[in-house]
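Undergrad: Sending over entry_25.txt (compact mmCIF, C-alpha atoms).
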# COMPACT_ATOMS: atom_id res chain seq x y z
CA MET A 4 34.68 114.15 53.68
CA SER A 5 37.68 111.98 52.93
CA HIS A 6 38.34 108.52 51.60
CA VAL A 7 41.39 106.29 51.54
CA LYS A 8 42.55 104.22 48.70
CA ARG A 9 45.28 102.66 50.40
CA VAL A 10 77.01 135.78 75.14
CA PRO A 11 77.58 137.35 71.62
CA LYS A 12 74.73 136.46 69.48
CA ALA A 13 76.77 134.26 67.17
CA GLN A 14 75.59 131.19 65.35
CA LEU A 15 76.24 127.87 67.03
CA GLU A 16 78.23 125.43 64.96
CA GLN A 17 76.09 123.75 62.33
CA PRO A 18 76.52 120.35 60.67
CA GLU A 19 79.05 120.06 57.89
CA GLU A 20 76.43 118.77 55.47
CA LEU A 21 72.73 118.15 55.42
CA VAL A 22 71.96 114.91 53.63
CA GLN A 23 68.48 114.62 52.18
CA PRO A 24 66.71 111.48 53.41
CA SER A 25 66.25 108.70 50.89
CA LEU A 26 62.98 108.88 49.01
CA ASP A 27 63.00 105.19 48.10
CA ILE A 28 59.52 103.77 48.58
CA THR A 29 59.30 100.22 49.86
CA ALA A 30 56.40 97.91 49.17
CA GLU A 31 57.18 96.11 52.43
CA ASP A 32 57.28 98.02 55.73
CA SER A 33 60.34 96.52 57.38
CA ARG A 34 62.33 99.35 58.93
CA ALA A 35 61.50 102.42 60.96
CA ALA A 36 63.22 104.68 58.44
CA ASP A 37 61.43 103.31 55.37
CA THR A 38 59.51 105.74 53.19
CA HIS A 39 55.87 104.72 52.81
CA ALA A 40 53.08 105.73 50.45
CA ARG A 41 49.32 106.21 50.75
CA ARG A 42 46.70 107.52 48.33
CA ILE A 43 44.01 109.64 49.92
CA VAL A 44 40.91 111.33 48.53
CA VAL A 45 39.75 114.63 50.03
CA GLN A 46 36.30 115.78 48.99
CA ALA A 47 34.25 118.86 49.79
CA ASN A 48 30.47 119.00 49.41
CA VAL A 49 29.87 122.64 50.17
CA SER A 50 27.74 125.70 49.55
CA ALA A 51 28.88 128.79 47.71
CA GLU A 52 29.21 130.67 51.01
CA GLU A 53 31.39 127.94 52.49
CA LEU A 54 33.67 128.04 49.47
CA ARG A 55 33.96 131.82 49.59
CA ARG A 56 35.03 131.92 53.21
CA GLY A 57 37.16 128.75 52.98
CA THR A 58 36.06 125.39 54.36
CA GLN A 59 38.24 122.97 56.30
CA ILE A 60 37.59 119.26 55.72
CA PRO A 61 39.12 116.92 58.34
CA ILE A 62 40.66 113.62 57.27
CA PRO A 63 39.31 111.31 59.99
CA GLY A 64 41.42 108.38 61.11
CA ALA A 65 44.53 109.70 59.39
CA VAL A 66 46.79 108.25 62.09
CA ASP A 67 45.55 104.75 61.26
CA ILE A 68 45.52 105.48 57.54
CA PHE A 69 49.20 106.33 57.52
CA ARG A 70 50.29 103.78 60.13
CA PRO A 71 52.66 101.30 58.41
CA GLY A 72 51.97 97.59 58.52
CA TYR A 73 55.26 96.41 59.97
CA ASP A 74 55.97 92.68 59.89
CA MET A 75 57.70 92.26 63.24
CA GLU A 76 58.69 88.67 62.46
CA LYS A 77 61.00 89.89 59.69
CA MET A 78 62.79 92.40 61.94
CA ASP A 79 65.88 91.91 64.02
CA ASP A 80 66.04 93.17 67.60
CA ALA A 81 67.50 96.56 66.63
CA GLN A 82 64.75 97.17 64.06
CA LYS A 83 62.05 96.18 66.54
CA GLU A 84 63.45 98.59 69.12
CA SER A 85 63.54 101.36 66.51
CA VAL A 86 59.91 100.78 65.55
CA THR A 87 58.74 100.97 69.17
CA LYS A 88 60.02 104.55 69.36
CA LEU A 89 57.91 105.80 66.47
CA ASP A 90 55.26 108.44 67.12
CA TYR A 91 52.48 107.62 64.65
CA SER A 92 50.64 110.88 65.33
CA LYS A 93 53.21 112.77 63.26
CA GLY A 94 55.49 112.08 60.33
CA ILE A 95 57.53 113.80 57.66
CA ILE A 96 55.96 114.05 54.21
CA THR A 97 58.67 113.61 51.60
CA GLY A 98 56.54 114.13 48.50
CA MET A 99 52.98 114.65 47.22
CA SER A 100 51.41 114.22 43.80
CA LEU A 101 47.94 114.99 42.48
CA LYS A 102 46.55 111.80 40.92
CA SER A 103 43.01 112.85 39.99
CA VAL A 104 40.68 115.83 40.36
CA TYR A 105 37.02 116.79 39.95
CA SER A 106 35.13 120.07 40.31
CA ASN A 107 31.70 121.32 39.28
CA VAL A 108 32.57 124.86 40.35
CA GLY A 109 32.68 127.53 37.66
CA GLU A 110 35.61 129.30 39.37
CA PRO A 111 39.13 128.20 40.36
CA VAL A 112 39.23 126.44 43.74
CA ASN A 113 42.35 126.53 45.87
CA VAL A 114 43.08 123.36 47.85
CA GLY A 115 45.51 123.40 50.75
CA ILE A 116 46.70 120.96 53.42
CA ASN A 117 47.90 121.76 56.95
CA LEU A 118 51.24 120.32 55.95
CA PHE A 119 53.47 121.59 58.76
CA ALA A 120 53.04 121.56 62.52
CA ASN A 121 55.69 124.30 62.79
CA LYS A 122 57.35 126.88 60.54
CA PRO A 123 60.17 125.09 58.69
CA ASN A 124 62.05 126.89 55.95
CA ILE A 125 61.39 124.27 53.28
CA VAL A 126 62.20 124.67 49.60
CA ASN A 127 59.59 123.06 47.35
CA ASN A 128 61.16 121.98 44.07
CA GLU A 129 57.73 122.19 42.44
CA GLY A 130 57.35 125.81 43.60
CA TRP A 131 54.97 127.09 46.25
CA LEU A 132 51.53 127.98 44.94
CA TYR A 133 50.52 131.60 45.56
CA SER A 134 46.83 132.36 45.24
CA GLN A 135 44.77 135.49 45.66
CA THR A 136 43.22 135.98 49.07
CA SER A 137 41.65 138.79 51.05
CA SER A 138 43.09 140.22 54.25
CA ASP A 139 42.86 143.35 56.39
CA MET A 140 45.45 144.87 54.05
CA GLY A 141 43.27 144.19 51.01
CA THR A 142 43.75 141.58 48.30
CA VAL A 143 47.10 139.82 48.42
CA HIS A 144 48.74 136.68 47.06
CA ALA A 145 49.82 134.10 49.64
CA SER A 146 51.08 130.51 49.64
CA GLU A 147 49.56 129.70 53.02
CA VAL A 148 46.30 130.59 54.72
CA ASP A 149 45.55 129.82 58.37
CA GLY A 150 48.27 127.17 58.46
CA PHE A 151 47.09 125.48 55.24
CA VAL A 152 49.74 125.30 52.51
CA ASN A 153 48.40 125.79 48.98
CA LEU A 154 48.99 122.68 46.87
CA VAL A 155 46.48 122.67 44.01
CA ASN A 156 44.54 125.23 42.01
CA VAL A 157 41.56 123.28 40.64
CA LEU A 158 40.39 124.83 37.38
CA PRO A 159 36.72 125.61 36.60
CA TYR A 160 34.81 122.39 35.85
CA GLU A 161 38.06 120.43 35.83
CA LYS A 162 37.51 116.69 35.47
CA ALA A 163 40.98 115.27 34.90
CA ARG A 164 44.64 116.19 35.06
CA PRO A 165 47.85 114.27 34.31
CA ASP A 166 49.74 112.96 37.32
CA THR A 167 51.25 116.15 38.78
CA LYS A 168 53.83 116.55 41.53
CA VAL A 169 52.83 119.31 43.93
CA TYR A 170 55.36 118.96 46.76
CA SER A 171 59.00 117.85 46.55
CA PRO A 172 61.02 119.15 49.52
CA ASP A 173 64.64 119.93 48.76
CA ASN A 174 66.26 120.75 52.10
CA LEU A 175 65.02 118.34 54.77
CA LEU A 176 67.24 118.02 57.82
CA ASN A 177 69.29 114.85 57.82
CA ASN A 178 68.10 111.76 59.67
CA ARG A 179 70.62 112.15 62.49
CA PHE A 180 69.27 115.56 63.44
CA ILE A 181 65.68 114.36 63.29
CA GLU A 182 66.44 111.31 65.41
CA GLN A 183 68.32 113.35 68.01
CA TYR A 184 66.03 116.36 68.28
CA GLY A 185 62.71 115.29 66.77
CA GLY A 186 61.23 114.37 70.14
CA TYR A 187 61.85 117.79 71.67
CA THR A 188 59.50 120.72 72.12
CA LEU A 189 60.41 124.08 73.63
CA ASP A 190 58.87 123.00 76.94
CA LYS A 191 60.80 119.74 76.93
CA LEU A 192 64.07 121.60 76.35
CA TRP A 193 63.49 123.45 79.63
CA GLU A 194 62.94 120.23 81.56
CA GLY A 195 65.87 119.47 83.84
CA ILE A 196 66.89 123.14 84.13
CA VAL A 197 66.52 124.91 87.48
CA PRO A 198 66.42 128.74 87.48
CA PHE A 199 67.07 130.84 90.56
CA LYS A 200 65.38 134.14 91.30
CA ASN A 201 67.66 137.17 90.89
CA LYS A 202 70.62 134.96 89.93
CA ASP A 203 72.60 135.04 86.67
CA PHE A 204 73.03 131.27 86.53
CA MET A 205 70.94 128.10 86.32
CA TYR A 206 71.45 124.50 87.31
CA VAL A 207 71.34 122.09 84.36
CA GLU A 208 71.09 118.32 84.73
CA THR A 209 74.33 116.62 83.75
CA ASP A 210 72.71 114.53 81.00
CA HIS A 211 70.79 117.45 79.46
CA ILE A 212 71.11 117.79 75.70
CA ILE A 213 72.15 121.46 75.83
CA LEU A 214 75.33 120.57 77.73
CA LYS A 215 76.50 118.59 74.72
CA VAL A 216 75.80 121.59 72.48
CA ILE A 217 77.69 123.85 74.90
CA GLN A 218 80.65 121.47 74.96
CA ARG A 219 80.83 121.43 71.17
CA ASN A 220 80.78 125.25 71.06
CA TRP A 221 82.70 125.93 74.27
CA GLU A 222 85.27 128.26 72.70
CA MET A 223 82.59 130.58 71.35
CA LEU A 224 80.47 130.38 74.50
CA GLY A 225 83.45 130.69 76.85
CA LEU A 226 82.38 127.70 78.95
CA ASN A 227 84.28 124.40 79.06
CA MET A 228 82.02 121.82 80.65
CA ASP A 229 84.98 119.56 81.45
CA ASN A 230 86.10 122.13 84.01
CA GLU A 231 82.70 122.46 85.68
CA MET A 232 82.12 120.49 88.86
CA LYS A 233 78.81 118.79 89.61
CA ARG A 234 76.38 120.34 92.05
CA GLU A 235 74.34 117.99 94.21
CA ASN A 236 75.96 115.25 92.11
CA GLN A 237 73.26 115.93 89.52
CA TYR A 238 73.60 119.45 88.11
CA VAL A 239 76.11 121.73 86.43
CA LYS A 240 76.07 125.48 87.02
CA VAL A 241 75.67 127.37 83.73
CA SER A 242 75.33 131.06 82.94
CA LYS A 243 71.72 132.14 82.45
CA ASN A 244 72.67 133.94 79.22
CA VAL A 245 74.34 130.82 77.82
CA VAL A 246 71.34 128.62 78.63
CA ASN A 247 68.94 131.07 76.98
CA GLN A 248 71.12 131.43 73.89
CA VAL A 249 71.66 127.71 73.36
CA ILE A 250 67.99 126.80 73.86
CA THR A 251 66.83 129.61 71.55
CA GLN A 252 69.17 128.66 68.73
CA LEU A 253 68.64 124.90 69.13
CA TYR A 254 64.88 125.39 68.99
CA GLU A 255 64.79 127.91 66.14
CA GLN A 256 67.56 126.48 63.95
CA VAL A 257 66.92 122.77 64.39
CA ILE A 258 63.70 121.73 66.12
CA GLU A 259 61.49 124.29 64.37
CA GLN A 260 63.03 123.26 61.04
CA ILE A 261 61.88 119.64 61.32
CA PRO A 262 58.86 119.60 58.96
CA PHE A 263 56.55 117.35 60.95
CA THR A 264 52.99 116.83 59.75
CA ARG A 265 50.38 116.12 62.42
CA PHE A 266 48.42 113.13 61.15
CA ASP A 267 46.10 113.35 64.17
CA SER A 268 44.76 116.70 62.93
CA LEU A 269 45.31 116.39 59.17
CA SER A 270 42.80 118.43 57.16
CA ALA A 271 42.26 119.99 53.74
CA ARG A 272 40.99 123.49 52.97
CA PHE A 273 38.89 124.43 49.93
CA GLN A 274 38.41 128.07 48.95
CA ALA A 275 37.19 130.06 45.94
CA ASN A 276 36.99 133.83 45.74
CA SER A 277 33.82 134.30 43.68
CA VAL A 278 31.16 131.61 43.37
CA GLU A 279 27.52 131.78 42.30
CA GLU A 280 24.95 130.53 44.80
CA GLY A 281 24.46 126.79 44.81
CA ASN A 282 25.91 123.53 46.14
CA TYR A 283 29.21 122.22 44.86
CA LYS A 284 31.55 119.25 44.93
CA VAL A 285 35.34 119.38 44.67
CA MET A 286 37.59 116.32 44.92
CA CYS A 287 41.33 115.72 44.86
CA GLU A 288 43.20 112.44 45.08
CA PHE A 289 46.76 112.69 46.40
CA LEU A 290 49.65 110.26 46.52
CA VAL A 291 51.47 110.98 49.79
CA GLN A 292 55.01 109.75 50.41
CA TYR A 293 56.14 109.97 54.03
CA LYS A 294 58.30 108.50 56.73
CA TYR A 295 58.45 108.15 60.50
CA PRO A 296 61.97 108.91 61.68
CA ALA A 297 63.10 106.82 64.63
CA VAL A 298 63.22 109.36 67.45
CA SER A 299 65.73 108.90 70.26
CA ASP A 300 64.47 108.97 73.82
CA GLY A 301 64.94 112.29 75.57
CA ASP A 302 67.33 110.84 78.18
CA GLU A 303 69.59 109.08 75.69
CA ASN A 304 73.08 110.36 75.03
CA THR A 305 72.91 112.45 71.88
CA GLU A 306 75.51 114.26 69.86
CA SER A 307 75.83 117.99 69.63
CA LEU A 308 75.32 120.17 66.56
CA ALA A 309 78.39 118.77 64.89
Would you mind writing the file out in structure tokens?
TA:
Amino acid sequence: MSHVKRVPKAQLEQPEELVQPSLDITAEDSRAADTHARRIVVQANVSAEELRRGTQIPIPGAVDIFRPGYDMEKMDDAQKESVTKLDYSKGIITGMSLKSVYSNVGEPVNVGINLFANKPNIVNNEGWLYSQTSSDMGTVHASEVDGFVNLVNVLPYEKARPDTKVYSPDNLLNNRFIEQYGGYTLDKLWEGIVPFKNKDFMYVETDHIILKVIQRNWEMLGLNMDNEMKRENQYVKVSKNVVNQVITQLYEQVIEQIPFTRFDSLSARFQANSVEEGNYKVMCEFLVQYKYPAVSDGDENTESLA
């Protein structure tokens, strides 16, 4: 239940600096890159057995909850175009705080959120919360269970807690990377690439994003795209090994490091290791700061990893 309160295997060249996105929160939603804020309440009414095994509580309507209320009349044409590119089903959470808490459970309850749609290597300035959990290897301490990142350890019979930050990411990719590559999946990266059976090359569409990465790193990859002639006036012939290497590194080093949160499947998880039989209620109110980066269309000209 939830409520809303309103080739050698070398590294491709990386950006010179990664600038953390601004965390300024605006009261007025006027630009695609603004950081927004919502307060949400997640509540579990569960049995002892449900708490012991871990219960997932969906947050219904989260896409609409987090959707900004843009005033289109106050936007110029460029801002309007930027807003139309936003994907409201996912965003980037830039901070979370615990505002209030309640529990009638006589044991600590761990509360987690399915914070990331992928596996980004994010540093949390507040520290990741490791809690005891059981696995096939026995009892271990982990900061994530079944895709749910631990955020709060609710104390026995806790009724109040001072405003507490639980998530402050330190190393988000800069906006330019997110705008250029945020719309890509692994499958989409392979679109526009034609493999040939038993051949050591592939045909790549001339406007494909990997060609720009190859051009930026041509000395290391040994392939200067300026010297390659077009095939069928649409494709460029590229070594199979080069294509595989560039796609692998672009996906693993950039796309998989964009910490998107799926608002269309946002849920909380409540779990306690040892609870006496009975029915229980646990509640957490979170302040969530987030943004929707303006994502470039897949067929737009984009820069390389420079």
Undergrad: Report the distance between atom CA of A:Val216 and atom CA of A:Ala120 in Å, rounded to one decimal place.
TA: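 A separation of 24.8 Å between them.
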Undergrad: Just want the 8 Å neighbourhood of A:Asp203, counted on only C-alpha atoms, with same-chain residues fewer than 6 positions away dropped. Output as a PyMOL selection string.
TA: chain A and resi 242-244
Undergrad: In terms of the shortest atom-to-atom distance over only C-alpha atoms, which of A:Met286, A:Val246, A:Leu253, A:Val241 is closest to A:Leu158?
TA: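 Among the listed residues, the smallest separation from A:Leu158 belongs to A:Met286.
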Undergrad: Can you list, as a PyMOL selection string, every protein, DNA or RNA residue that comes within 9 Å of A:Ile125 when you count all atoms listed in the file, leaving out same-chain residues fewer than 6 positions away?
TA: chain A and resi 172-175+260+262
Undergrad: Taking only C-alpha atoms into account, which of A:Phe263, A:Trp193, A:Tyr133, A:Tyr206 comes nearest A:Asn236?
TA: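 Between A:Phe263, A:Trp193, A:Tyr133, A:Tyr206, the residue approaching A:Asn236 most closely is A:Tyr206.
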Undergrad: Expressed in Å to a single decimal, how great is the separation between atom CA of A:Glu259 and atom CA of A:Ile217?
TA: 19.3 Å
Undergrad: By how many Å are atom CA of A:Leu89 and atom CA of A:Ile258 apart?
TA: 17.0 Å
Undergrad: Kindly indicate which residue among A:Tyr283, A:Tyr73, A:Phe273, A:Phe266 lies nearest to A:Gly94, using all atoms listed in the file for the distances.
TA: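 Closest to A:Gly94, using all atoms listed in the file: A:Phe266.
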Undergrad: If you take all atoms listed in the file and a cut-off of 10 Å, which residues of stretch 92-206 of chain A touch stretch 290-294 of chain A, and what are their nearest atom pairs and distances in Å to one decimal, in chain and number order, as JSON lines?
TA:
{"residue": "A:Lys93", "atom": "CA", "partner": "A:Lys294", "partner_atom": "CA", "distance": 9.3}
{"residue": "A:Gly94", "atom": "CA", "partner": "A:Lys294", "partner_atom": "CA", "distance": 5.8}
{"residue": "A:Ile95", "atom": "CA", "partner": "A:Lys294", "partner_atom": "CA", "distance": 5.4}
{"residue": "A:Ile96", "atom": "CA", "partner": "A:Tyr293", "partner_atom": "CA", "distance": 4.1}
{"residue": "A:Thr97", "atom": "CA", "partner": "A:Tyr293", "partner_atom": "CA", "distance": 5.1}
{"residue": "A:Gly98", "atom": "CA", "partner": "A:Gln292", "partner_atom": "CA", "distance": 5.0}
{"residue": "A:Met99", "atom": "CA", "partner": "A:Val291", "partner_atom": "CA", "distance": 4.7}
{"residue": "A:Ser100", "atom": "CA", "partner": "A:Leu290", "partner_atom": "CA", "distance": 5.1}
{"residue": "A:Leu101", "atom": "CA", "partner": "A:Leu290", "partner_atom": "CA", "distance": 6.5}
{"residue": "A:Lys102", "atom": "CA", "partner": "A:Leu290", "partner_atom": "CA", "distance": 6.6}
{"residue": "A:Ser103", "atom": "CA", "partner": "A:Leu290", "partner_atom": "CA", "distance": 9.7}
{"residue": "A:Asp166", "atom": "CA", "partner": "A:Leu290", "partner_atom": "CA", "distance": 9.6}
{"residue": "A:Thr167", "atom": "CA", "partner": "A:Leu290", "partner_atom": "CA", "distance": 9.9}
{"residue": "A:Lys168", "atom": "CA", "partner": "A:Leu290", "partner_atom": "CA", "distance": 9.1}
{"residue": "A:Val169", "atom": "CA", "partner": "A:Leu290", "partner_atom": "CA", "distance": 9.9}
{"residue": "A:Tyr170", "atom": "CA", "partner": "A:Val291", "partner_atom": "CA", "distance": 9.4}
{"residue": "A:Ser171", "atom": "CA", "partner": "A:Gln292", "partner_atom": "CA", "distance": 9.8}
Undergrad: Out of A:His211, A:Lys202, A:Arg70, A:Lys233, which residue has the shortest atom-to-atom distance to A:Tyr187 when counting all atoms listed in the file?
TA: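 Result for the nearest residue to A:Tyr187: A:His211.
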Undergrad: Counting all atoms listed in the file, which of A:Met75, A:Gln252, A:Glu147, A:Glu279 gets nearest to A:Thr87?
TA: A:Met75
Undergrad: Could you check which of A:Ala51, A:Val143, A:Leu192, A:Ile250 is closest to A:Gly281, using only C-alpha atoms?
TA: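 Among the listed residues, A:Ala51 lies closest to A:Gly281.
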Undergrad: Need the shell around A:Asn117: protein/DNA/RNA residues with any atom at most 6 Å away, counting all atoms listed in the file. Skip same-chain ones fewer than 4 positions apart. Format as a ChimeraX atom specification?
TA: /A:150-152
Undergrad: Determine the axis-aligned bounding box of all atoms of stretch 189-203 of chain A present in the file, pad each side by 5 Å, and express its centre and edge lengths in Å to one decimal place as JSON.
TA:
{"center_x": 65.7, "center_y": 128.3, "center_z": 82.5, "size_x": 23.7, "size_y": 27.7, "size_z": 27.7}
Undergrad: Distance cut-off 10 Å, centre (42.3, 122.5, 41.0) in file coordinates, counting only C-alpha atoms: which residues qualify? Return them as a ChimeraX atom specification.
TA: /A:101,103-106,110-114,154-164,273,285-287
Undergrad: Please output stretch 71-94 of chain A, rebuilt to include N, CA and C atoms, as a PDB file, keeping the file's coordinate frame.
TA:
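Ended up saving to result_7.pdb:
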ATOM      1  N   PRO A  71      52.116 102.386  59.244  1.00  0.00           N
ATOM      2  CA  PRO A  71      52.660 101.300  58.410  1.00  0.00           C
ATOM      3  C   PRO A  71      52.283  99.937  58.985  1.00  0.00           C
ATOM      4  N   GLY A  72      52.235  98.964  58.098  1.00  0.00           N
ATOM      5  CA  GLY A  72      51.970  97.590  58.520  1.00  0.00           C
ATOM      6  C   GLY A  72      53.258  96.822  58.668  1.00  0.00           C
ATOM      7  N   TYR A  73      53.966  97.065  59.768  1.00  0.00           N
ATOM      8  CA  TYR A  73      55.260  96.410  59.970  1.00  0.00           C
ATOM      9  C   TYR A  73      55.080  94.917  60.242  1.00  0.00           C
ATOM     10  N   ASP A  74      55.934  94.113  59.634  1.00  0.00           N
ATOM     11  CA  ASP A  74      55.970  92.680  59.890  1.00  0.00           C
ATOM     12  C   ASP A  74      57.081  92.437  60.909  1.00  0.00           C
ATOM     13  N   MET A  75      56.708  92.352  62.176  1.00  0.00           N
ATOM     14  CA  MET A  75      57.700  92.260  63.240  1.00  0.00           C
ATOM     15  C   MET A  75      58.526  90.983  63.147  1.00  0.00           C
ATOM     16  N   GLU A  76      57.953  89.936  62.545  1.00  0.00           N
ATOM     17  CA  GLU A  76      58.690  88.670  62.460  1.00  0.00           C
ATOM     18  C   GLU A  76      59.903  88.770  61.544  1.00  0.00           C
ATOM     19  N   LYS A  77      59.891  89.739  60.625  1.00  0.00           N
ATOM     20  CA  LYS A  77      61.000  89.890  59.690  1.00  0.00           C
ATOM     21  C   LYS A  77      62.057  90.875  60.198  1.00  0.00           C
ATOM     22  N   MET A  78      61.864  91.404  61.401  1.00  0.00           N
ATOM     23  CA  MET A  78      62.790  92.400  61.940  1.00  0.00           C
ATOM     24  C   MET A  78      63.756  91.766  62.932  1.00  0.00           C
ATOM     25  N   ASP A  79      64.964  92.312  62.964  1.00  0.00           N
ATOM     26  CA  ASP A  79      65.880  91.910  64.020  1.00  0.00           C
ATOM     27  C   ASP A  79      65.596  92.745  65.261  1.00  0.00           C
ATOM     28  N   ASP A  80      66.318  92.506  66.332  1.00  0.00           N
ATOM     29  CA  ASP A  80      66.040  93.170  67.600  1.00  0.00           C
ATOM     30  C   ASP A  80      66.217  94.689  67.500  1.00  0.00           C
ATOM     31  N   ALA A  81      67.246  95.119  66.772  1.00  0.00           N
ATOM     32  CA  ALA A  81      67.500  96.560  66.630  1.00  0.00           C
ATOM     33  C   ALA A  81      66.365  97.243  65.877  1.00  0.00           C
ATOM     34  N   GLN A  82      65.857  96.595  64.823  1.00  0.00           N
ATOM     35  CA  GLN A  82      64.750  97.170  64.060  1.00  0.00           C
ATOM     36  C   GLN A  82      63.480  97.225  64.880  1.00  0.00           C
ATOM     37  N   LYS A  83      63.222  96.178  65.675  1.00  0.00           N
ATOM     38  CA  LYS A  83      62.050  96.180  66.540  1.00  0.00           C
ATOM     39  C   LYS A  83      62.119  97.305  67.559  1.00  0.00           C
ATOM     40  N   GLU A  84      63.289  97.503  68.140  1.00  0.00           N
ATOM     41  CA  GLU A  84      63.450  98.590  69.120  1.00  0.00           C
ATOM     42  C   GLU A  84      63.225  99.946  68.466  1.00  0.00           C
ATOM     43  N   SER A  85      63.716 100.098  67.228  1.00  0.00           N
ATOM     44  CA  SER A  85      63.540 101.360  66.510  1.00  0.00           C
ATOM     45  C   SER A  85      62.077 101.643  66.245  1.00  0.00           C
ATOM     46  N   VAL A  86      61.322 100.612  65.860  1.00  0.00           N
ATOM     47  CA  VAL A  86      59.910 100.780  65.550  1.00  0.00           C
ATOM     48  C   VAL A  86      59.109 101.177  66.780  1.00  0.00           C
ATOM     49  N   THR A  87      59.485 100.646  67.949  1.00  0.00           N
ATOM     50  CA  THR A  87      58.740 100.970  69.170  1.00  0.00           C
ATOM     51  C   THR A  87      58.858 102.430  69.557  1.00  0.00           C
ATOM     52  N   LYS A  88      59.836 103.136  69.022  1.00  0.00           N
ATOM     53  CA  LYS A  88      60.020 104.550  69.360  1.00  0.00           C
ATOM     54  C   LYS A  88      59.235 105.486  68.447  1.00  0.00           C
ATOM     55  N   LEU A  89      58.593 104.947  67.426  1.00  0.00           N
ATOM     56  CA  LEU A  89      57.910 105.800  66.470  1.00  0.00           C
ATOM     57  C   LEU A  89      56.671 106.447  67.074  1.00  0.00           C
ATOM     58  N   ASP A  90      56.460 107.707  66.724  1.00  0.00           N
ATOM     59  CA  ASP A  90      55.260 108.440  67.120  1.00  0.00           C
ATOM     60  C   ASP A  90      54.374 108.530  65.877  1.00  0.00           C
ATOM     61  N   TYR A  91      53.309 107.714  65.852  1.00  0.00           N
ATOM     62  CA  TYR A  91      52.480 107.620  64.650  1.00  0.00           C
ATOM     63  C   TYR A  91      51.551 108.819  64.483  1.00  0.00           C
ATOM     64  N   SER A  92      51.502 109.698  65.461  1.00  0.00           N
ATOM     65  CA  SER A  92      50.640 110.880  65.330  1.00  0.00           C
ATOM     66  C   SER A  92      51.264 111.941  64.433  1.00  0.00           C
ATOM     67  N   LYS A  93      52.551 111.802  64.129  1.00  0.00           N
ATOM     68  CA  LYS A  93      53.210 112.770  63.260  1.00  0.00           C
ATOM     69  C   LYS A  93      54.271 112.090  62.427  1.00  0.00           C
ATOM     70  N   GLY A  94      54.480 112.623  61.226  1.00  0.00           N
ATOM     71  CA  GLY A  94      55.490 112.080  60.330  1.00  0.00           C
ATOM     72  C   GLY A  94      56.053 113.192  59.473  1.00  0.00           C
TER      73      GLY A  94
END
